[in-house]
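Asks: After the structure tokens below, expect a handful of questions from me.
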Amino acid sequence: MRTPVRTRSGGGAISAYVAFLLLGLGAGAVYAALALGLVLVHRASGVLNFAHGAMAMYVTYTYAELRDRAGLGIGPALLVALLVAAALGLTTYLVVFRPLRAAPPLSKVVASVGLMGVLQAAAVLQFGPDNRIVASVLPARPVHALGVTVPSDRLLLAALAVAVTAILAATYRWTRFGLATRAAAESDTGAALLGHSPTRLAAANWTLATVLAGAGGILLAPITALNPVSYTLFVVPALAAAVLGRLSRFGLTTAAALLLGMAQSEVVKLQADLSWVRSLNLRDGLPFLVIVVVVIARGHLVADRGTPPAARLPRAGTAAGPMRGLLVAAGAGTLALTTLSGSWRLGLIRSLVAAVLCLSVVVLTGYVGQLSLAQMALAGVAGFGLSRLQTSWHLPFPLAPLLAALAATAVGLLVGLASRRVRGIDLAVVTLAAGVAVGELVFRNPALTGGLSGSRVRAPQLLGLDLGIGGGSGGYPRLRFGLLVLAVLLAAGAGVGWLRRSPTGRRMLAVRVNERGAEAAGVDVARTKLLAFVVASFLAGVGGALLGYQQGQLSFDSFGVFASLSVLAVAYLGGVASISGAVVGGLLIPGGLAFTALDAAAGVADYAPLLSAAALVVAAVAAPQGLTGLARRAVRR
């Protein structure tokens with residue numbers, strides 16, 4: 001909900017741009033609150049909390065419920081909401097991240113990504129997916145400044161952000177608590193030797209960070225409608241501001257956040273004035289550009305902490321006996337497709353498609369240790385590309401899906417080139433921002449993807465035989481479409497198995513274990529990582545094309561960031577470093593065979609995203625080897 005902007009003395013183009021600059025201070029101030037929280041958490045525990053925006057979102061919904069449903073006044077509702085924020089931050093650290101304090105950075109990133117999915121899915125179930133208007137906490141009366149009239153709440157938000165920044169800077173520089181936190185940022189062991197408890201320091205900082213995030217979300221709500229998806233993704237511009245501030249400098253972080261908010265506001269004005277800008281949603285692409293520039297300039301985003309991780313990464317499968325495993329999978333899949341029908345066959349086909357997507361995660365994360373949060377964005381490039389190749393170029397099957405997968409590979413190669421100097425947490429930041437940017441710049445562009453009507457994908461035909469999903473009883477899939485998907489999965493699994501056993505696969509595993517050690521042994525680390533990006537992107541593209549055929553009508557939601565999180569969740573839960581783990585992960589995908597069975601038994605279809613995200617958190621904390629790893633361990637015993 002925006003207050004109209006007026007210009008004095010008749011207005012003018014320059015005054016209008018000045019007005020939009022000042023309006024951007026509101027969003028920039030909230031980015032600052034989130035970014036400062038990210039800095040606090042990383043300083044204290046070494047975690048880059050991707051769920052920070054989701055935590056702000058949940059606290060804001062709590063405040064809105066207290067105001068609208070419980071009838072509390074602004075003061076009591078704000079106090080209770082911030083107490084909920086404190087409890088949420090403290091619980092999150094003690095239950096999820098304290099057990100992971102000696103874990104590899106990959107496990108911490110996976111846990112925070114899973115937590116983001118849990119909070120987002122819980123908010124949708126509890127509060128609904130629609131936009132919600134929240135009454136303003138700050139006064140929004142018109143104020144005259146620099147020749148324009150803007151709401152006073154934008155200026156007050158900026159002033160509050162600067163004041164909080166000054167307080168934090170003084171606290172962490174001059175107080176005992178601040179100095180102890182700085183010591184813990186360098187080394188938990190060193191802080192403990194000086195008599196400070198790293199656990200208490202981290203808990204206090206997590207609590208403070210979540211309160212800041214919740215306060216920022218509550219103050220932002222009157223400016224932009226409250227929404228579970230958009231609020232959760234506010235973490236992306238906050239990440240951009242935090243990395244500009246080196247995840248350590250409060251003043252630089254806040255300045256970057258305010259400038260980013262103002263720049264995004266200016267882009268909104270440009271979109272209104274320039275037709276060629278209007279078709280591009282550049283506003284949400286700016287954080288990605290900022291992050292890429294930082295990567296190019298520095299070579300990294302997040303500095304390594306002093307304490308090396310003690311835990312090991314998930315064990316990569318040996319891919320031994322590939323033909324025997326493929327024959328067993330082919331027989332079991334054919335039998336299941338032949339036996340099942342209706343919604344059960346549809347669930348199995350969804351699982352087979354998801355298993356192909358999970359294989360892309362196995363190659364990139366399981367074999368090379370690189371965490372990408374943009375795999376479904378790459379799948380979307382292939383899915384929408386397939387539709388365009390069919391409708392505009394009239395290309396037949398299998399040429400159209402092959403070219404669509406190659407298009408996804410090209411985009412993945414660009415992402416890989418942009419991030420070839422980064423790893424671990426840095427790559428997760430880059431790919432999360434890239435996934436959001438692709439979604440906003442490409443998938444929401446009506447000229448490219450059909451807008452609200454989506455993009456239609458025609459059924460594949462080969463030698464006059466219709467291989468499409470439709471035509472079965474009640475619109476459920478034909479057997480031959482399921483056999484097509486199974487054949488593609490088997491071919492993809494054979495290719496990944498060959499890669500695992502090849503010298504290239506051994507180089508990938510060496511890079512995963514220790515990049516510096518691999519480089520010292522003569523491995524071209526950058527080239528190996530880039531090759532993994534290419535293979536993973538092609539597999540994601542193949543999965544996206546299959547998903548296009550399976551759905552028939554594609555929309556933005558088919559390939560959003562949370563779809564990427566679902567694929568990551570089930571791949572990690574199944575076993576992120578093995579082909580069998582990808583198959584198990586596919587069975588666990590929301591809407592897949594396992595959830596079809598659960599829904600038939602207990603009616604849990606609406607809870608599928610929540611359950612998969614919660615499973616990702618549990619797997620990161622308690623079972624990093626995944627279900628297949630646990631099964632192998634049980635067999636050995």
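Here's how to read the names in the structure tokens: chain A, B, ... by the order shown, residue numbers from 1 in each chain, ligand numbers from 1 in the order shown.
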Using DSSP on the backbone coordinates, identify the residues of region 70-106 of chain A assigned to alpha helix (DSSP H); present them as a list in words.

Replies: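 Across region 70-106 of chain A, those assigned alpha helix (DSSP H) are Ile74, Gly75, Pro76, Ala77, Leu78, Leu79, Val80, Ala81, Leu82, Leu83, Val84, Ala85, Ala86, Ala87, Leu88, Gly89, Leu90, Thr91, Thr92, Pro105 and Leu106 of chain A.
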
Asks: Output C-alpha atoms for every residue in the selection just made, as a CSV table (one decimal), in the first residue's frame.

Replies:
chain,number,residue,atom,x,y,z
A,74,ILE,CA,-0.2,-1.8,18.3
A,75,GLY,CA,2.0,-1.8,21.4
A,76,PRO,CA,0.8,-5.2,22.9
A,77,ALA,CA,0.8,-6.9,19.5
A,78,LEU,CA,4.3,-5.6,18.7
A,79,LEU,CA,5.6,-6.8,22.1
A,80,VAL,CA,4.1,-10.3,21.8
A,81,ALA,CA,5.3,-10.6,18.1
A,82,LEU,CA,8.9,-9.7,19.1
A,83,LEU,CA,8.8,-12.1,22.0
A,84,VAL,CA,7.8,-14.8,19.5
A,85,ALA,CA,10.7,-13.7,17.3
A,86,ALA,CA,13.1,-14.1,20.2
A,87,ALA,CA,11.8,-17.5,21.0
A,88,LEU,CA,12.0,-18.5,17.3
A,89,GLY,CA,15.6,-17.4,17.0
A,90,LEU,CA,16.7,-19.1,20.2
A,91,THR,CA,14.9,-22.3,19.3
A,92,THR,CA,16.3,-22.4,15.8
A,105,PRO,CA,29.3,-25.6,5.7
A,106,LEU,CA,27.2,-27.6,3.2

Asks: Counting only C-alpha atoms, what is within 12 Å of Pro503 (chain A), bar same-chain residues fewer than 6 positions away, as a CSV table (one decimal) with all heavy atoms, in the first residue's frame?

Replies:
chain,number,residue,atom,x,y,z
A,509,LEU,N,35.4,-35.9,-7.1
A,509,LEU,CA,35.4,-36.3,-5.7
A,509,LEU,C,36.6,-35.7,-5.0
A,509,LEU,O,36.5,-35.3,-3.8
A,509,LEU,CB,35.4,-37.8,-5.5
A,509,LEU,CG,34.1,-38.5,-6.0
A,509,LEU,CD1,34.3,-40.0,-5.8
A,509,LEU,CD2,32.9,-38.1,-5.2
A,510,ALA,N,37.7,-35.6,-5.6
A,510,ALA,CA,38.9,-35.0,-5.0
A,510,ALA,C,38.6,-33.5,-4.8
A,510,ALA,O,39.0,-33.0,-3.7
A,510,ALA,CB,40.1,-35.2,-6.0
A,523,VAL,N,44.9,-31.4,-10.3
A,523,VAL,CA,43.5,-31.4,-10.9
A,523,VAL,C,43.2,-29.9,-11.2
A,523,VAL,O,43.4,-29.0,-10.4
A,523,VAL,CB,42.5,-31.9,-9.8
A,523,VAL,CG1,41.1,-31.7,-10.3
A,523,VAL,CG2,42.8,-33.4,-9.5
A,528,THR,N,37.0,-28.6,-13.6
A,528,THR,CA,36.2,-29.8,-13.1
A,528,THR,C,34.8,-29.3,-12.6
A,528,THR,O,33.8,-29.9,-12.8
A,528,THR,CB,37.0,-30.5,-11.9
A,528,THR,OG1,38.2,-30.9,-12.4
A,528,THR,CG2,36.2,-31.6,-11.4

Asks: Could you list, with a cut-off of 12 Å and counting only C-alpha atoms, the residues of region 337-378 of chain A near region 456-469 of chain A, each shown with its nearest atom pair and the distance in Å rounded to one decimal, rows sorted by chain and ascending number, as CSV?

Replies:
residue,atom,partner,partner_atom,distance
A:Gly342,CA,A:Ile469,CA,11.4
A:Arg345,CA,A:Ile469,CA,10.5
A:Leu346,CA,A:Ile469,CA,8.8
A:Ile349,CA,A:Ile469,CA,9.4
A:Arg350,CA,A:Ile469,CA,11.1

Asks: Nearest to Cys358 (chain A) among A:Ala382, A:Val39, A:Ala536, A:Val30, with distances taken over only C-alpha atoms: which residue is it?

Replies: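 So, comparing all the options, the nearest one is A:Ala536.
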
Asks: Using only C-alpha atoms, can you tell me which of A:Gly505, A:Met376, A:Gly482, A:Leu247 comes closest to Ala330 (chain A)?

Replies: A:Gly482

Asks: Which residue out of A:Ile579, A:Val18, A:Leu156, A:Ala242 has the minimum interatomic distance to Val294 (chain A) when only C-alpha atoms are used?

Replies: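 Once distances to Val294 (chain A) are computed over only C-alpha atoms, the minimum belongs to A:Ala242.
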
Asks: So which one's closest to Leu282 (chain A), A:Ala410, A:Leu486, A:Ala158, A:Val268? Using only C-alpha atoms, please.

Replies: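 Closest to Leu282 (chain A), using only C-alpha atoms: A:Val268.
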
Asks: Within 12 Å of Thr391 (chain A), counting only C-alpha atoms, which residues show up once you throw out same-chain ones fewer than 4 positions away? Write them as JSON, numbers by chain, please.

Replies: {"A": [384, 385, 386, 387, 395, 396, 400, 448, 449, 450, 455, 456, 457, 458]}

Asks: Write out as number ranges by chain which residues come within 9 Å of Val110 (chain A) when counting only C-alpha atoms, dropping same-chain ones fewer than 6 positions away.

Replies: A: 371, 568-569, 572, 616-617, 620

Asks: Restricting it to C-alpha atoms, dump the selection as an mmCIF file, in the first residue's frame.

Replies:
data_model
loop_
_atom_site.group_PDB
_atom_site.id
_atom_site.type_symbol
_atom_site.label_atom_id
_atom_site.label_comp_id
_atom_site.auth_asym_id
_atom_site.auth_seq_id
_atom_site.Cartn_x
_atom_site.Cartn_y
_atom_site.Cartn_z
ATOM 1 C CA LEU A 371 25.244 -26.530 -3.586
ATOM 2 C CA LEU A 568 17.097 -30.369 -3.043
ATOM 3 C CA ALA A 569 15.131 -31.600 -0.019
ATOM 4 C CA TYR A 572 19.362 -34.842 0.211
ATOM 5 C CA LEU A 616 15.525 -31.759 4.802
ATOM 6 C CA VAL A 617 16.241 -30.110 8.165
ATOM 7 C CA ALA A 620 20.948 -32.224 7.584
#
